[in-house]
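Trainee: I am sharing data-v3.txt, which consists of compact mmCIF, N, CA and C atoms:
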# COMPACT_ATOMS: atom_id res chain seq x y z
N MET A 1 -30.39 -54.91 -10.98
CA MET A 1 -29.73 -54.42 -12.18
C MET A 1 -28.22 -54.51 -11.94
N LEU A 2 -27.51 -55.04 -12.91
CA LEU A 2 -26.05 -55.09 -12.85
C LEU A 2 -25.51 -53.86 -13.56
N CYS A 3 -24.61 -53.16 -12.88
CA CYS A 3 -24.00 -51.94 -13.42
C CYS A 3 -22.52 -52.19 -13.62
N VAL A 4 -21.99 -51.76 -14.77
CA VAL A 4 -20.57 -51.91 -15.09
C VAL A 4 -20.10 -50.58 -15.64
N ALA A 5 -18.95 -50.08 -15.13
CA ALA A 5 -18.44 -48.81 -15.62
C ALA A 5 -16.93 -48.78 -15.56
N ALA A 6 -16.33 -48.10 -16.53
CA ALA A 6 -14.89 -47.82 -16.58
C ALA A 6 -14.70 -46.64 -17.52
N GLY A 7 -14.10 -45.57 -17.04
CA GLY A 7 -13.91 -44.40 -17.89
C GLY A 7 -15.22 -43.97 -18.51
N ALA A 8 -15.26 -43.86 -19.83
CA ALA A 8 -16.47 -43.46 -20.54
C ALA A 8 -17.40 -44.64 -20.82
N PHE A 9 -16.97 -45.84 -20.50
CA PHE A 9 -17.77 -47.05 -20.76
C PHE A 9 -18.77 -47.27 -19.64
N ALA A 10 -20.02 -47.54 -20.00
CA ALA A 10 -21.05 -47.87 -19.02
C ALA A 10 -21.98 -48.92 -19.61
N LEU A 11 -22.39 -49.85 -18.78
CA LEU A 11 -23.28 -50.93 -19.21
C LEU A 11 -24.22 -51.22 -18.05
N SER A 12 -25.50 -51.36 -18.33
CA SER A 12 -26.46 -51.78 -17.30
C SER A 12 -27.26 -52.94 -17.87
N LEU A 13 -27.42 -53.97 -17.06
CA LEU A 13 -28.11 -55.18 -17.49
C LEU A 13 -29.17 -55.55 -16.46
N ALA A 14 -30.39 -55.76 -16.89
CA ALA A 14 -31.46 -56.20 -16.01
C ALA A 14 -31.33 -57.71 -15.83
N THR A 15 -30.58 -58.12 -14.83
CA THR A 15 -30.33 -59.53 -14.58
C THR A 15 -30.04 -59.76 -13.11
N ASP A 16 -30.21 -60.99 -12.65
CA ASP A 16 -29.82 -61.32 -11.28
C ASP A 16 -28.68 -62.33 -11.25
N ARG A 17 -28.18 -62.71 -12.42
CA ARG A 17 -27.04 -63.63 -12.54
C ARG A 17 -26.18 -63.21 -13.72
N PHE A 18 -24.88 -63.45 -13.60
CA PHE A 18 -23.97 -63.18 -14.70
C PHE A 18 -22.73 -64.03 -14.53
N THR A 19 -21.98 -64.15 -15.61
CA THR A 19 -20.70 -64.85 -15.56
C THR A 19 -19.60 -63.92 -16.04
N LEU A 20 -18.41 -64.18 -15.53
CA LEU A 20 -17.20 -63.50 -15.98
C LEU A 20 -16.23 -64.56 -16.42
N ASP A 21 -15.52 -64.32 -17.51
CA ASP A 21 -14.41 -65.21 -17.87
C ASP A 21 -13.27 -64.39 -18.44
N TRP A 22 -12.07 -64.95 -18.28
CA TRP A 22 -10.85 -64.26 -18.71
C TRP A 22 -9.72 -65.26 -18.76
N THR A 23 -8.59 -64.82 -19.32
CA THR A 23 -7.37 -65.62 -19.36
C THR A 23 -6.35 -64.95 -18.45
N HIS A 24 -5.78 -65.72 -17.55
CA HIS A 24 -4.77 -65.19 -16.63
C HIS A 24 -3.55 -64.74 -17.43
N SER A 25 -3.03 -63.56 -17.15
CA SER A 25 -1.98 -62.96 -17.99
C SER A 25 -0.63 -63.66 -17.89
N VAL A 26 -0.33 -64.33 -16.78
CA VAL A 26 0.96 -65.00 -16.62
C VAL A 26 0.85 -66.48 -16.96
N ALA A 27 -0.08 -67.17 -16.30
CA ALA A 27 -0.20 -68.62 -16.48
C ALA A 27 -0.95 -69.00 -17.75
N ARG A 28 -1.64 -68.03 -18.37
CA ARG A 28 -2.42 -68.27 -19.59
C ARG A 28 -3.49 -69.35 -19.38
N THR A 29 -4.03 -69.42 -18.17
CA THR A 29 -5.09 -70.36 -17.86
C THR A 29 -6.44 -69.66 -17.97
N GLY A 30 -7.44 -70.42 -18.38
CA GLY A 30 -8.78 -69.86 -18.49
C GLY A 30 -9.49 -69.90 -17.15
N TRP A 31 -10.18 -68.81 -16.83
CA TRP A 31 -10.95 -68.71 -15.59
C TRP A 31 -12.39 -68.37 -15.94
N TRP A 32 -13.32 -68.86 -15.12
CA TRP A 32 -14.74 -68.63 -15.32
C TRP A 32 -15.38 -68.52 -13.94
N GLU A 33 -16.24 -67.54 -13.75
CA GLU A 33 -16.97 -67.38 -12.49
C GLU A 33 -18.43 -67.09 -12.77
N SER A 34 -19.30 -67.67 -11.95
CA SER A 34 -20.72 -67.38 -11.99
C SER A 34 -21.06 -66.56 -10.75
N TRP A 35 -21.80 -65.48 -10.93
CA TRP A 35 -22.16 -64.56 -9.86
C TRP A 35 -23.68 -64.42 -9.78
N GLN A 36 -24.15 -64.16 -8.57
CA GLN A 36 -25.56 -63.90 -8.34
C GLN A 36 -25.69 -62.53 -7.66
N ILE A 37 -26.71 -61.78 -8.04
CA ILE A 37 -26.98 -60.49 -7.41
C ILE A 37 -28.04 -60.71 -6.34
N THR A 38 -27.69 -60.35 -5.10
CA THR A 38 -28.60 -60.49 -3.98
C THR A 38 -28.75 -59.13 -3.29
N ASP A 39 -29.62 -59.04 -2.32
CA ASP A 39 -29.77 -57.80 -1.56
C ASP A 39 -28.47 -57.45 -0.83
N ALA A 40 -27.66 -58.45 -0.51
CA ALA A 40 -26.39 -58.22 0.20
C ALA A 40 -25.27 -57.78 -0.73
N GLY A 41 -25.43 -57.97 -2.03
CA GLY A 41 -24.41 -57.56 -2.99
C GLY A 41 -24.17 -58.61 -4.07
N LEU A 42 -23.02 -58.53 -4.72
CA LEU A 42 -22.63 -59.47 -5.77
C LEU A 42 -21.95 -60.67 -5.09
N THR A 43 -22.47 -61.86 -5.36
CA THR A 43 -21.99 -63.06 -4.68
C THR A 43 -21.49 -64.09 -5.68
N PRO A 44 -20.20 -64.49 -5.60
CA PRO A 44 -19.71 -65.55 -6.48
C PRO A 44 -20.26 -66.89 -6.01
N VAL A 45 -20.81 -67.68 -6.93
CA VAL A 45 -21.42 -68.95 -6.54
C VAL A 45 -20.70 -70.17 -7.11
N GLU A 46 -19.96 -69.99 -8.19
CA GLU A 46 -19.25 -71.12 -8.79
C GLU A 46 -18.06 -70.57 -9.57
N ALA A 47 -16.97 -71.34 -9.60
CA ALA A 47 -15.79 -70.94 -10.37
C ALA A 47 -15.15 -72.16 -11.00
N ARG A 48 -14.46 -71.91 -12.10
CA ARG A 48 -13.71 -72.97 -12.81
C ARG A 48 -12.39 -72.39 -13.27
N ILE A 49 -11.37 -73.22 -13.26
CA ILE A 49 -10.05 -72.83 -13.73
C ILE A 49 -9.46 -73.99 -14.53
N THR A 50 -8.80 -73.67 -15.65
CA THR A 50 -8.29 -74.73 -16.52
C THR A 50 -6.86 -75.15 -16.19
N GLY A 51 -6.22 -74.51 -15.21
CA GLY A 51 -4.87 -74.89 -14.84
C GLY A 51 -4.48 -74.20 -13.55
N THR A 52 -3.24 -74.38 -13.14
CA THR A 52 -2.77 -73.78 -11.90
C THR A 52 -1.48 -73.04 -12.17
N GLY A 53 -1.06 -72.25 -11.19
CA GLY A 53 0.22 -71.56 -11.28
C GLY A 53 0.10 -70.07 -11.10
N ALA A 54 1.23 -69.42 -10.96
CA ALA A 54 1.33 -67.96 -10.83
C ALA A 54 0.51 -67.42 -9.66
N GLY A 55 0.45 -68.19 -8.57
CA GLY A 55 -0.28 -67.75 -7.40
C GLY A 55 -1.79 -67.81 -7.53
N MET A 56 -2.28 -68.50 -8.52
CA MET A 56 -3.72 -68.55 -8.77
C MET A 56 -4.24 -69.99 -8.70
N GLU A 57 -3.76 -70.72 -7.70
CA GLU A 57 -4.17 -72.11 -7.57
C GLU A 57 -5.61 -72.21 -7.07
N PRO A 58 -6.32 -73.25 -7.49
CA PRO A 58 -7.67 -73.44 -6.97
C PRO A 58 -7.59 -73.81 -5.48
N PRO A 59 -8.66 -73.58 -4.73
CA PRO A 59 -8.64 -73.89 -3.30
C PRO A 59 -8.62 -75.40 -3.04
N PRO A 60 -8.31 -75.80 -1.81
CA PRO A 60 -8.19 -77.23 -1.48
C PRO A 60 -9.46 -78.04 -1.74
N ASP A 61 -10.64 -77.40 -1.69
CA ASP A 61 -11.89 -78.15 -1.90
C ASP A 61 -12.27 -78.25 -3.38
N ALA A 62 -11.45 -77.73 -4.29
CA ALA A 62 -11.74 -77.81 -5.73
C ALA A 62 -11.67 -79.26 -6.20
N ARG A 63 -12.50 -79.57 -7.16
CA ARG A 63 -12.55 -80.93 -7.73
C ARG A 63 -12.21 -80.87 -9.21
N LEU A 64 -11.33 -81.76 -9.65
CA LEU A 64 -10.92 -81.83 -11.06
C LEU A 64 -11.91 -82.71 -11.82
N ARG A 65 -12.57 -82.12 -12.83
CA ARG A 65 -13.50 -82.86 -13.70
C ARG A 65 -13.19 -82.50 -15.13
N ASP A 66 -12.88 -83.50 -15.93
CA ASP A 66 -12.62 -83.30 -17.36
C ASP A 66 -11.54 -82.24 -17.60
N GLY A 67 -10.51 -82.24 -16.74
CA GLY A 67 -9.38 -81.34 -16.92
C GLY A 67 -9.60 -79.92 -16.43
N VAL A 68 -10.72 -79.67 -15.75
CA VAL A 68 -11.05 -78.34 -15.25
C VAL A 68 -11.33 -78.42 -13.76
N TRP A 69 -10.74 -77.50 -12.99
CA TRP A 69 -10.99 -77.42 -11.55
C TRP A 69 -12.30 -76.67 -11.31
N HIS A 70 -13.20 -77.26 -10.51
CA HIS A 70 -14.49 -76.67 -10.17
C HIS A 70 -14.53 -76.42 -8.66
N TYR A 71 -15.04 -75.27 -8.26
CA TYR A 71 -15.17 -75.01 -6.82
C TYR A 71 -16.19 -73.89 -6.58
N ALA A 72 -16.60 -73.78 -5.33
CA ALA A 72 -17.50 -72.71 -4.90
C ALA A 72 -16.67 -71.70 -4.11
N PRO A 73 -16.48 -70.49 -4.62
CA PRO A 73 -15.68 -69.49 -3.90
C PRO A 73 -16.26 -69.21 -2.52
N GLN A 74 -15.39 -69.10 -1.55
CA GLN A 74 -15.80 -68.79 -0.18
C GLN A 74 -15.56 -67.30 0.06
N VAL A 75 -16.34 -66.48 -0.61
CA VAL A 75 -16.20 -65.02 -0.55
C VAL A 75 -17.57 -64.45 -0.17
N PRO A 76 -17.61 -63.54 0.79
CA PRO A 76 -18.91 -62.94 1.14
C PRO A 76 -19.40 -62.04 0.02
N PRO A 77 -20.68 -61.69 0.06
CA PRO A 77 -21.22 -60.76 -0.94
C PRO A 77 -20.42 -59.46 -0.96
N GLN A 78 -20.24 -58.92 -2.16
CA GLN A 78 -19.47 -57.70 -2.34
C GLN A 78 -20.38 -56.58 -2.82
N ARG A 79 -20.26 -55.40 -2.22
CA ARG A 79 -21.05 -54.25 -2.66
C ARG A 79 -20.60 -53.81 -4.05
N GLN A 80 -19.30 -53.94 -4.34
CA GLN A 80 -18.79 -53.70 -5.68
C GLN A 80 -17.60 -54.60 -5.92
N VAL A 81 -17.34 -54.88 -7.18
CA VAL A 81 -16.19 -55.68 -7.60
C VAL A 81 -15.41 -54.84 -8.59
N VAL A 82 -14.11 -54.74 -8.37
CA VAL A 82 -13.25 -53.96 -9.26
C VAL A 82 -12.35 -54.93 -10.02
N LEU A 83 -12.37 -54.84 -11.35
CA LEU A 83 -11.59 -55.71 -12.22
C LEU A 83 -10.51 -54.88 -12.91
N ALA A 84 -9.31 -55.38 -12.92
CA ALA A 84 -8.22 -54.72 -13.64
C ALA A 84 -7.83 -55.59 -14.82
N ALA A 85 -7.36 -54.99 -15.87
CA ALA A 85 -6.90 -55.72 -17.04
C ALA A 85 -5.45 -55.34 -17.31
N SER A 86 -4.61 -56.35 -17.49
CA SER A 86 -3.19 -56.09 -17.71
C SER A 86 -2.88 -55.71 -19.15
N GLY A 87 -3.76 -56.13 -20.07
CA GLY A 87 -3.47 -55.92 -21.49
C GLY A 87 -2.51 -56.94 -22.05
N ALA A 88 -2.09 -57.90 -21.21
CA ALA A 88 -1.08 -58.88 -21.62
C ALA A 88 -1.67 -60.22 -22.05
N THR A 89 -2.98 -60.34 -22.09
CA THR A 89 -3.57 -61.64 -22.39
C THR A 89 -4.05 -61.78 -23.82
N GLY A 90 -4.15 -60.69 -24.54
CA GLY A 90 -4.70 -60.75 -25.89
C GLY A 90 -6.21 -60.61 -25.90
N ALA A 91 -6.80 -60.71 -24.73
CA ALA A 91 -8.25 -60.53 -24.58
C ALA A 91 -8.49 -60.12 -23.13
N GLY A 92 -9.54 -59.37 -22.93
CA GLY A 92 -9.85 -58.91 -21.58
C GLY A 92 -10.94 -59.74 -20.95
N TRP A 93 -11.69 -59.10 -20.10
CA TRP A 93 -12.81 -59.73 -19.41
C TRP A 93 -13.98 -59.86 -20.37
N ARG A 94 -14.73 -60.96 -20.19
CA ARG A 94 -15.98 -61.14 -20.92
C ARG A 94 -17.08 -61.36 -19.88
N LEU A 95 -18.15 -60.61 -20.00
CA LEU A 95 -19.28 -60.72 -19.08
C LEU A 95 -20.47 -61.23 -19.88
N CYS A 96 -21.13 -62.27 -19.36
CA CYS A 96 -22.31 -62.83 -20.03
C CYS A 96 -23.50 -62.82 -19.08
N ALA A 97 -24.66 -62.47 -19.61
CA ALA A 97 -25.90 -62.48 -18.84
C ALA A 97 -27.06 -62.71 -19.80
N GLN A 98 -27.97 -63.56 -19.41
CA GLN A 98 -29.18 -63.84 -20.19
C GLN A 98 -28.88 -64.16 -21.65
N GLY A 99 -27.84 -64.96 -21.88
CA GLY A 99 -27.53 -65.43 -23.22
C GLY A 99 -26.76 -64.47 -24.11
N THR A 100 -26.39 -63.31 -23.59
CA THR A 100 -25.63 -62.34 -24.37
C THR A 100 -24.31 -62.06 -23.66
N CYS A 101 -23.22 -62.03 -24.43
CA CYS A 101 -21.90 -61.77 -23.87
C CYS A 101 -21.38 -60.41 -24.34
N HIS A 102 -20.62 -59.77 -23.46
CA HIS A 102 -20.06 -58.45 -23.72
C HIS A 102 -18.56 -58.48 -23.44
N ALA A 103 -17.77 -58.07 -24.41
CA ALA A 103 -16.33 -57.89 -24.19
C ALA A 103 -16.16 -56.57 -23.46
N LEU A 104 -15.54 -56.60 -22.29
CA LEU A 104 -15.37 -55.39 -21.51
C LEU A 104 -14.06 -54.71 -21.89
N PRO A 105 -14.04 -53.38 -21.94
CA PRO A 105 -12.85 -52.67 -22.42
C PRO A 105 -11.65 -52.82 -21.48
N GLU A 106 -10.47 -52.89 -22.07
CA GLU A 106 -9.23 -53.00 -21.30
C GLU A 106 -8.51 -51.66 -21.19
N ASP A 107 -8.94 -50.68 -21.94
CA ASP A 107 -8.15 -49.46 -22.08
C ASP A 107 -8.77 -48.24 -21.39
N GLN A 108 -9.72 -48.44 -20.50
CA GLN A 108 -10.37 -47.31 -19.85
C GLN A 108 -10.23 -47.36 -18.33
N GLY A 109 -9.22 -48.06 -17.86
CA GLY A 109 -9.00 -48.15 -16.42
C GLY A 109 -9.74 -49.34 -15.82
N PRO A 110 -9.65 -49.47 -14.52
CA PRO A 110 -10.33 -50.60 -13.85
C PRO A 110 -11.83 -50.57 -14.10
N LEU A 111 -12.40 -51.75 -14.22
CA LEU A 111 -13.84 -51.91 -14.39
C LEU A 111 -14.48 -52.05 -13.01
N ARG A 112 -15.57 -51.39 -12.82
CA ARG A 112 -16.29 -51.47 -11.55
C ARG A 112 -17.65 -52.07 -11.79
N LEU A 113 -18.01 -53.11 -11.02
CA LEU A 113 -19.31 -53.78 -11.11
C LEU A 113 -20.03 -53.58 -9.79
N TRP A 114 -21.34 -53.28 -9.85
CA TRP A 114 -22.15 -53.16 -8.66
C TRP A 114 -23.60 -53.34 -9.05
N SER A 115 -24.46 -53.43 -8.06
CA SER A 115 -25.88 -53.59 -8.31
C SER A 115 -26.63 -52.36 -7.80
N ALA A 116 -27.49 -51.82 -8.64
CA ALA A 116 -28.30 -50.66 -8.28
C ALA A 116 -29.47 -50.56 -9.24
N ASP A 117 -30.50 -49.84 -8.84
CA ASP A 117 -31.63 -49.59 -9.73
C ASP A 117 -32.13 -48.19 -9.49
N PRO A 118 -31.79 -47.24 -10.33
CA PRO A 118 -31.04 -47.36 -11.58
C PRO A 118 -29.54 -47.32 -11.34
N CYS A 119 -28.79 -47.61 -12.40
CA CYS A 119 -27.33 -47.55 -12.34
C CYS A 119 -26.89 -46.09 -12.36
N GLU A 120 -26.32 -45.66 -11.27
CA GLU A 120 -25.78 -44.30 -11.18
C GLU A 120 -24.51 -44.37 -10.36
N GLY A 121 -23.61 -43.47 -10.58
CA GLY A 121 -22.39 -43.39 -9.77
C GLY A 121 -21.32 -44.26 -10.25
Just dump the structure as structure tokens.
Mentor:
Amino acid sequence: MLCVAAGAFALSLATDRFTLDWTHSVARTGWWESWQITDAGLTPVEARITGTGAGMEPPPDARLRDGVWHYAPQVPPQRQVVLAASGATGAGWRLCAQGTCHALPEDQGPLRLWSADPCEG
């Protein structure tokens, strides 16, 4: 189960995969990540970025296809992921799982993602 919480906002999704996408607040580039939920935690498996700059360059092994950088993040599984929103992009984080997308709130503090069954804490 994927758990998401920030302030009074809470979301739980029965899924083992999800995606996150957002627009970088300075470079205005689109970012997309695919994540898998494993026993070890939340694991990023694929990422895409539509441009570079502002300290958010794709890694050296990224490949440019159709104007988008594709790569596999080299990050170990995470017990939780904390997302912050600057409010400067015009849109916040979007989380998609099993064909449904959710706009995550920008005004309730950092968003925390973790896996648990049931979602508590």
Trainee: Atom N of Gly51 in chain A and atom N of Trp93 in chain A, how far apart in Å?
Mentor: 17.1 Å
Trainee: Could you tell me how far atom N of Pro77 in chain A sits from atom C of Leu42 in chain A, in Å to one decimal place?
Mentor: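 Taking atom C of Leu42 in chain A and atom N of Pro77 in chain A, their separation equals 5.4 Å.
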Trainee: Measuring between all atoms listed in the file, which one of A:Tyr71, A:Gln108, A:Pro59, A:Pro76 shows the shortest distance to Phe9 in chain A?
Mentor: A:Gln108
Trainee: Tell me which of A:Gly30, A:Pro60, A:Gly99, A:Gly109 sits closest to Arg48 in chain A, counting only N, CA and C atoms.
Mentor: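 Closest to Arg48 in chain A, using only N, CA and C atoms: A:Gly30.
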Trainee: Looking at A:Leu20, A:Ala10, A:Leu113, A:Val4, which one is nearest to Cys96 in chain A, with distances taken over only N, CA and C atoms?
Mentor: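 For Cys96 in chain A, the nearest of the given residues is A:Leu20.
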Trainee: How many Å lie between CA of Ser115 in chain A and CA of Leu83 in chain A, rounded to one decimal?
Mentor: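 About the pair CA of Ser115 in chain A and CA of Leu83 in chain A: they are 15.0 Å apart.
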Trainee: Give as number ranges by chain the set of residues within 6 Å of the point (-25.2, -54.6, -18.7), where distances use the file's coordinates and all atoms listed in the file.
Mentor: A: 2, 4, 11-14
Trainee: Fewer than 4 positions away in the same chain doesn't count, so skip those; otherwise give me all residues within 5 Å of Leu111 in chain A, counting all atoms listed in the file, as a PyMOL selection string.
Mentor: chain A and resi 5-6+82-84
Trainee: Given the choices A:Thr52, A:Pro73, A:Cys119, A:Ala97, which gets closest to Asp16 in chain A if the distance is worked out from only C-alpha atoms?
Mentor: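 Among the listed residues, the smallest separation from Asp16 in chain A belongs to A:Ala97.
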Trainee: Pick out the closest residue to Thr100 in chain A from this set: A:Thr29, A:Gln74, A:Thr15, A:Thr43. Count only C-alpha atoms.
Mentor: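 Using only C-alpha atoms, the shortest distance to Thr100 in chain A belongs to A:Thr15.
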